[in-house]
file protein-v2.cif (mmCIF, C-alpha atoms)
data_model
#
loop_
_atom_site.group_PDB
_atom_site.id
_atom_site.type_symbol
_atom_site.label_atom_id
_atom_site.label_comp_id
_atom_site.auth_asym_id
_atom_site.auth_seq_id
_atom_site.Cartn_x
_atom_site.Cartn_y
_atom_site.Cartn_z
ATOM 1 C CA MET A 439 0.000 0.000 0.000
ATOM 2 C CA PRO A 440 1.468 3.447 -0.899
ATOM 3 C CA ALA A 441 2.516 5.447 2.171
ATOM 4 C CA ASP A 442 0.237 8.368 1.269
ATOM 5 C CA GLN A 443 -2.926 6.243 1.262
ATOM 6 C CA PRO A 444 -5.029 5.901 4.426
ATOM 7 C CA PRO A 445 -5.507 2.375 5.776
ATOM 8 C CA ALA A 446 -8.294 0.368 4.117
ATOM 9 C CA ASP A 447 -10.164 0.288 7.449
ATOM 10 C CA ASP A 448 -10.302 4.099 7.409
ATOM 11 C CA ASP A 449 -11.661 4.045 3.848
ATOM 12 C CA ALA A 450 -14.383 1.578 4.836
ATOM 13 C CA ARG A 451 -15.260 3.602 7.946
ATOM 14 C CA LEU A 452 -15.506 6.825 5.920
ATOM 15 C CA ALA A 453 -17.668 5.138 3.265
ATOM 16 C CA ALA A 454 -20.014 3.752 5.939
ATOM 17 C CA LEU A 455 -20.311 7.110 7.743
ATOM 18 C CA VAL A 456 -20.911 9.091 4.544
ATOM 19 C CA GLY A 457 -23.454 6.525 3.328
ATOM 20 C CA ALA A 458 -25.367 6.564 6.604
ATOM 21 C CA THR A 459 -25.400 10.371 6.623
ATOM 22 C CA VAL A 460 -26.665 10.580 3.044
ATOM 23 C CA ARG A 461 -29.412 8.065 3.791
ATOM 24 C CA THR A 462 -30.461 9.861 7.001
ATOM 25 C CA LEU A 463 -30.580 13.287 5.316
ATOM 26 C CA ARG A 464 -32.432 11.877 2.298
ATOM 27 C CA GLU A 465 -35.055 10.194 4.440
ATOM 28 C CA SER A 466 -35.498 13.249 6.688
ATOM 29 C CA SER A 467 -36.004 15.341 3.536
ATOM 30 C CA GLY A 468 -38.733 12.974 2.365
ATOM 31 C CA LEU A 469 -36.853 12.129 -0.835
ATOM 32 C CA SER A 470 -36.883 8.705 -2.423
ATOM 33 C CA MET A 471 -33.558 7.289 -3.548
ATOM 34 C CA ARG A 472 -34.646 7.738 -7.164
ATOM 35 C CA ALA A 473 -35.578 11.396 -6.552
ATOM 36 C CA LEU A 474 -32.228 12.241 -4.928
ATOM 37 C CA ALA A 475 -30.318 10.400 -7.656
ATOM 38 C CA THR A 476 -32.165 12.495 -10.258
ATOM 39 C CA LEU A 477 -31.462 15.747 -8.385
ATOM 40 C CA ALA A 478 -27.791 14.806 -8.029
ATOM 41 C CA GLY A 479 -27.419 13.661 -11.636
ATOM 42 C CA ILE A 480 -26.230 10.178 -10.700
ATOM 43 C CA SER A 481 -27.757 6.743 -11.149
ATOM 44 C CA GLN A 482 -30.004 5.241 -8.478
ATOM 45 C CA PRO A 483 -27.847 2.056 -8.279
ATOM 46 C CA PHE A 484 -24.727 4.196 -7.674
ATOM 47 C CA LEU A 485 -26.524 6.165 -4.938
ATOM 48 C CA SER A 486 -27.535 2.845 -3.388
ATOM 49 C CA THR A 487 -23.891 1.701 -3.203
ATOM 50 C CA ILE A 488 -22.986 5.016 -1.535
ATOM 51 C CA GLU A 489 -25.783 4.746 1.036
ATOM 52 C CA ARG A 490 -24.789 1.167 1.846
ATOM 53 C CA GLY A 491 -21.174 2.233 2.384
ATOM 54 C CA LEU A 492 -19.882 0.175 -0.529
ATOM 55 C CA SER A 493 -18.315 3.166 -2.297
ATOM 56 C CA THR A 494 -17.143 6.622 -1.298
ATOM 57 C CA PRO A 495 -18.349 9.456 -3.552
ATOM 58 C CA SER A 496 -15.843 11.642 -5.354
ATOM 59 C CA MET A 497 -15.696 15.348 -4.545
ATOM 60 C CA ALA A 498 -17.827 16.137 -7.615
ATOM 61 C CA THR A 499 -20.436 13.540 -6.620
ATOM 62 C CA LEU A 500 -20.374 14.725 -2.996
ATOM 63 C CA TYR A 501 -21.176 18.259 -4.159
ATOM 64 C CA ARG A 502 -23.992 17.014 -6.414
ATOM 65 C CA ILE A 503 -25.560 14.928 -3.643
ATOM 66 C CA ALA A 504 -25.253 17.820 -1.178
ATOM 67 C CA GLY A 505 -26.898 20.111 -3.737
ATOM 68 C CA GLY A 506 -29.763 17.648 -4.169
ATOM 69 C CA LEU A 507 -30.213 17.538 -0.399
ATOM 70 C CA GLY A 508 -29.878 21.302 -0.015
ATOM 71 C CA VAL A 509 -26.994 21.061 2.475
ATOM 72 C CA PRO A 510 -23.313 22.111 2.426
ATOM 73 C CA PRO A 511 -20.991 19.304 1.213
ATOM 74 C CA GLY A 512 -19.271 19.235 4.605
ATOM 75 C CA ASP A 513 -22.520 18.077 6.203
ATOM 76 C CA LEU A 514 -22.058 14.712 4.470
ATOM 77 C CA LEU A 515 -18.714 14.044 6.155
ATOM 78 C CA PRO A 516 -18.171 12.944 9.759
ATOM 79 C CA GLY A 517 -17.421 15.672 12.273
ATOM 80 C CA PRO A 518 -15.492 15.647 15.522
ATOM 81 C CA SER A 519 -17.205 13.571 18.191
ATOM 82 C CA ALA A 520 -17.064 16.175 20.951
ATOM 83 C CA GLY A 521 -15.442 19.412 22.058
ATOM 84 C CA ARG A 522 -14.481 22.536 20.188
ATOM 85 C CA VAL A 523 -10.887 21.681 19.352
ATOM 86 C CA SER A 524 -10.067 19.190 16.642
ATOM 87 C CA VAL A 525 -6.777 18.191 15.075
ATOM 88 C CA THR A 526 -6.681 16.585 11.649
ATOM 89 C CA ARG A 527 -3.474 14.732 10.868
ATOM 90 C CA GLY A 528 -2.765 15.079 7.163
ATOM 91 C CA ALA A 529 -2.208 11.373 6.553
ATOM 92 C CA GLN A 530 -5.489 10.448 8.258
ATOM 93 C CA ALA A 531 -7.707 13.087 6.590
ATOM 94 C CA PRO A 532 -10.393 11.660 4.276
ATOM 95 C CA LEU A 533 -9.173 11.385 0.684
ATOM 96 C CA LEU A 534 -11.740 12.690 -1.818
ATOM 97 C CA PRO A 535 -11.147 12.395 -5.593
ATOM 98 C CA VAL A 536 -12.392 15.410 -7.595
ATOM 99 C CA SER A 537 -14.312 13.200 -10.033
ATOM 100 C CA ASP A 538 -15.144 9.567 -10.701
ATOM 101 C CA ALA A 539 -12.436 9.262 -13.383
ATOM 102 C CA PRO A 540 -9.871 6.570 -12.511
ATOM 103 C CA ASP A 541 -6.990 9.067 -12.869
ATOM 104 C CA ALA A 542 -8.678 11.867 -10.891
ATOM 105 C CA ALA A 543 -6.654 14.043 -8.550
ATOM 106 C CA ALA A 544 -7.693 13.697 -4.920
ATOM 107 C CA GLY A 545 -7.632 16.085 -2.010
ATOM 108 C CA ARG A 546 -7.472 15.482 1.725
ATOM 109 C CA ALA A 547 -10.351 17.099 3.613
ATOM 110 C CA LEU A 548 -8.370 18.802 6.379
ATOM 111 C CA LEU A 549 -11.466 20.705 7.523
ATOM 112 C CA MET A 550 -14.911 19.878 6.201
ATOM 113 C CA ARG A 551 -17.139 19.605 9.222
ATOM 114 C CA PRO A 552 -20.899 19.950 9.596
ATOM 115 C CA GLY A 553 -21.883 23.446 10.628
ATOM 116 C CA SER A 554 -18.343 24.862 10.531
ATOM 117 C CA GLY A 555 -18.973 26.999 7.443
ATOM 118 C CA LEU A 556 -15.300 26.599 6.526
ATOM 119 C CA GLU A 557 -13.648 23.907 4.424
ATOM 120 C CA VAL A 558 -9.928 23.346 3.842
ATOM 121 C CA LEU A 559 -8.803 20.745 1.308
ATOM 122 C CA ASP A 560 -5.201 19.827 0.501
ATOM 123 C CA TYR A 561 -4.609 18.757 -3.111
ATOM 124 C CA ARG A 562 -1.366 17.164 -4.306
ATOM 125 C CA VAL A 563 -1.959 17.071 -8.054
ATOM 126 C CA GLU A 564 0.398 14.676 -9.808
ATOM 127 C CA PRO A 565 1.437 15.309 -13.435
ATOM 128 C CA GLY A 566 -1.290 14.165 -15.830
ATOM 129 C CA GLN A 567 -4.000 13.662 -13.197
ATOM 130 C CA HIS A 568 -7.607 14.501 -14.082
ATOM 131 C CA LEU A 569 -8.945 17.623 -12.337
ATOM 132 C CA GLY A 570 -12.656 17.231 -13.044
ATOM 133 C CA GLY A 571 -14.953 19.805 -14.594
ATOM 134 C CA TRP A 572 -16.724 22.940 -13.497
ATOM 135 C CA PHE A 573 -17.664 23.562 -9.859
ATOM 136 C CA ALA A 574 -19.887 26.150 -8.189
ATOM 137 C CA SER A 575 -21.309 26.510 -4.694
ATOM 138 C CA ALA A 576 -22.540 29.151 -2.280
ATOM 139 C CA GLY A 577 -20.065 31.241 -0.298
ATOM 140 C CA GLU A 578 -16.469 32.113 -1.158
ATOM 141 C CA MET A 579 -13.478 30.228 -2.537
ATOM 142 C CA ALA A 580 -9.759 30.859 -2.173
ATOM 143 C CA VAL A 581 -7.114 28.845 -4.027
ATOM 144 C CA LEU A 582 -3.538 28.988 -2.706
ATOM 145 C CA VAL A 583 -0.752 27.363 -4.727
ATOM 146 C CA VAL A 584 1.887 25.980 -2.365
ATOM 147 C CA SER A 585 4.135 24.642 -5.136
ATOM 148 C CA GLY A 586 3.968 24.104 -8.872
ATOM 149 C CA SER A 587 1.600 25.965 -11.206
ATOM 150 C CA LEU A 588 -2.141 25.931 -11.758
ATOM 151 C CA ASP A 589 -4.512 27.686 -14.158
ATOM 152 C CA VAL A 590 -7.850 28.701 -12.630
ATOM 153 C CA GLU A 591 -10.628 29.559 -15.065
ATOM 154 C CA VAL A 592 -13.684 31.468 -13.860
ATOM 155 C CA ALA A 593 -16.477 31.165 -16.439
ATOM 156 C CA GLY A 594 -17.090 34.349 -18.398
ATOM 157 C CA VAL A 595 -14.410 36.274 -16.494
ATOM 158 C CA GLY A 596 -10.982 34.899 -17.358
ATOM 159 C CA THR A 597 -8.164 32.467 -16.639
ATOM 160 C CA TRP A 598 -5.340 33.133 -14.209
ATOM 161 C CA ARG A 599 -2.046 31.265 -13.949
ATOM 162 C CA LEU A 600 -1.067 30.832 -10.323
ATOM 163 C CA GLU A 601 2.482 30.062 -9.219
ATOM 164 C CA ALA A 602 3.793 29.086 -5.770
ATOM 165 C CA GLY A 603 2.591 31.619 -3.204
ATOM 166 C CA ASP A 604 -0.227 32.993 -5.394
ATOM 167 C CA LEU A 605 -3.808 33.082 -4.106
ATOM 168 C CA LEU A 606 -6.998 33.599 -6.113
ATOM 169 C CA HIS A 607 -10.258 34.455 -4.313
ATOM 170 C CA HIS A 608 -13.734 34.570 -5.880
ATOM 171 C CA PRO A 609 -17.426 34.077 -5.090
ATOM 172 C CA GLY A 610 -18.127 30.352 -5.029
ATOM 173 C CA GLN A 611 -21.280 30.616 -7.142
ATOM 174 C CA MET A 612 -19.195 31.666 -10.161
ATOM 175 C CA PRO A 613 -18.522 28.459 -12.142
ATOM 176 C CA HIS A 614 -14.808 27.696 -11.992
ATOM 177 C CA ARG A 615 -12.373 24.934 -12.835
ATOM 178 C CA TRP A 616 -8.702 24.092 -12.409
ATOM 179 C CA LEU A 617 -6.340 23.199 -15.250
ATOM 180 C CA THR A 618 -2.843 21.790 -15.023
ATOM 181 C CA VAL A 619 -0.048 23.773 -16.657
ATOM 182 C CA ASP A 620 1.651 21.764 -19.405
ATOM 183 C CA GLY A 621 0.508 18.543 -17.717
ATOM 184 C CA GLY A 622 2.602 19.321 -14.632
ATOM 185 C CA GLY A 623 1.748 18.894 -10.982
ATOM 186 C CA ALA A 624 0.899 21.274 -8.172
ATOM 187 C CA HIS A 625 0.318 21.374 -4.431
ATOM 188 C CA VAL A 626 -2.829 23.433 -3.809
ATOM 189 C CA LEU A 627 -4.891 24.425 -0.788
ATOM 190 C CA LEU A 628 -8.580 25.109 -1.402
ATOM 191 C CA LEU A 629 -10.321 27.181 1.252
ATOM 192 C CA ALA A 630 -14.087 27.566 1.048
ATOM 193 C CA ARG A 631 -16.494 29.477 3.264
ATOM 194 C CA ARG A 632 -20.118 28.436 2.985
ATOM 195 C CA ASP A 633 -22.867 30.968 3.459
ATOM 196 C CA PRO A 634 -24.888 30.242 6.596
ATOM 197 C CA ALA A 635 -28.267 28.621 5.923
#
call {"tool": "encode", "arguments": {"input": "protein-v2.cif", "output": "structure tokens"}}
result
Amino acid sequence: MPADQPPADDDARLAALVGATVRTLRESSGLSMRALATLAGISQPFLSTIERGLSTPSMATLYRIAGGLGVPPGDLLPGPSAGRVSVTRGAQAPLLPVSDAPDAAAGRALLMRPGSGLEVLDYRVEPGQHLGGWFASAGEMAVLVVSGSLDVEVAGVGTWRLEAGDLLHHPGQMPHRWLTVDGGGAHVLLLARRDPA
């Protein structure tokens, strides 16, 4: 097992917790599995595997399911069990791929807790990895490049090349996507603040 991958037990635990949360929120919203799958733009059988903890949704799928449920994406992930102080060790943070593509880049959810309003994801994009498509959500987004280079395109506004130390901030509801520069890699921190409900 590669050193940067969490133990399989952690993957199974995360899948079970996310699945149970999705099912609970869906049922409390009065949505059938078919209705939520339609709202999220995924198949009902795939949603069933997520709810049963047999697969962990990618970041893109997590956002689509959260949108269908009308909740922030962080509400679908487990939070700290008690207290106000939490420490997330980088190697143990949940690993969330940006899309369902087999070569998708993945980020570690350093902070993505129910009710926190703030999300921090750590992406180590390897050369040639898939970065998914367009994203949009309520609140604000900030992209900080720690190393490497990254192009950030904001639909209808422009594309900015970010180098190490550069930060781009924009309203989250503006559709945006990341693009690798000449197929190279980058280490990126994504910070998102969700508008309160």
call {"tool": "resolve_selection", "arguments": {"input": "protein-v2.cif", "expression": "the PyMOL selection byres ((chain A and resi 571) around 8)", "output": "list in words"}}
result
Leu569, Gly570, Trp572, Phe573, Arg615 and Trp616 of chain A
call {"tool": "residues_around", "arguments": {"input": "protein-v2.cif", "residues": "Leu485 (chain A)", "least_positions_apart": "6", "cutoff": "9 Å", "atoms": "all atoms listed in the file", "output": "ChimeraX atom specification"}}
result
/A:457,471-472,474-475,495,503
call {"tool": "closest_residue", "arguments": {"input": "protein-v2.cif", "among": "A:Ala504, A:Leu556, A:Leu515, A:Thr476", "to": "Ala458 (chain A)", "atoms": "all atoms listed in the file"}}
result
A:Leu515
call {"tool": "residues_around", "arguments": {"input": "protein-v2.cif", "residues": "Leu628 (chain A)", "least_positions_apart": "5", "cutoff": "6 Å", "atoms": "all atoms listed in the file", "output": "PyMOL selection string"}}
result
chain A and resi 558-559+580-581
call {"tool": "closest_residue", "arguments": {"input": "protein-v2.cif", "among": "A:Met612, A:Val460, A:Ile480, A:Met497", "to": "Glu591 (chain A)", "atoms": "all atoms listed in the file"}}
result
A:Met612
call {"tool": "closest_residue", "arguments": {"input": "protein-v2.cif", "among": "A:Asp560, A:Glu578, A:Asp449, A:Asp538", "to": "Ala630 (chain A)", "atoms": "all atoms listed in the file"}}
result
A:Glu578
call {"tool": "atom_distance", "arguments": {"input": "protein-v2.cif", "atom1": "CA of Tyr501 (chain A)", "atom2": "CA of Ser575 (chain A)"}}
result
8.3 Å
call {"tool": "closest_residue", "arguments": {"input": "protein-v2.cif", "among": "A:Ala473, A:Ala602, A:Leu492, A:Val595", "to": "Ala450 (chain A)", "atoms": "all atoms listed in the file"}}
result
A:Leu492
call {"tool": "atom_distance", "arguments": {"input": "protein-v2.cif", "atom1": "CA of Val456 (chain A)", "atom2": "CA of Leu582 (chain A)"}}
result
27.4 Å
call {"tool": "resolve_selection", "arguments": {"input": "protein-v2.cif", "expression": "the PyMOL selection byres ((chain A and resi 624) around 7)", "output": "VMD selection string"}}
result
chain A and resid 562 to 564 585 to 588 622 to 623 625 to 626
call {"tool": "closest_residue", "arguments": {"input": "protein-v2.cif", "among": "A:Val619, A:Val592, A:Met579, A:Leu463", "to": "Val509 (chain A)", "atoms": "all atoms listed in the file"}}
result
A:Leu463
call {"tool": "resolve_selection", "arguments": {"input": "protein-v2.cif", "expression": "the PyMOL selection byres ((chain A and resi 541) around 6)", "output": "list in words"}}
result
Ala539, Pro540, Ala542, Gln567 and His568 of chain A
call {"tool": "write_last_selection", "arguments": {"input": "protein-v2.cif", "atoms": "C-alpha atoms", "output": "PDB file, keeping the file's coordinate frame"}}
result
ATOM      1  CA  ALA A 539     -12.436   9.262 -13.383  1.00  0.00           C
ATOM      2  CA  PRO A 540      -9.871   6.570 -12.511  1.00  0.00           C
ATOM      3  CA  ALA A 542      -8.678  11.867 -10.891  1.00  0.00           C
ATOM      4  CA  GLN A 567      -4.000  13.662 -13.197  1.00  0.00           C
ATOM      5  CA  HIS A 568      -7.607  14.501 -14.082  1.00  0.00           C
TER       6      HIS A 568
END
call {"tool": "atom_distance", "arguments": {"input": "protein-v2.cif", "atom1": "CA of Pro609 (chain A)", "atom2": "CA of Ser496 (chain A)"}}
result
22.5 Å
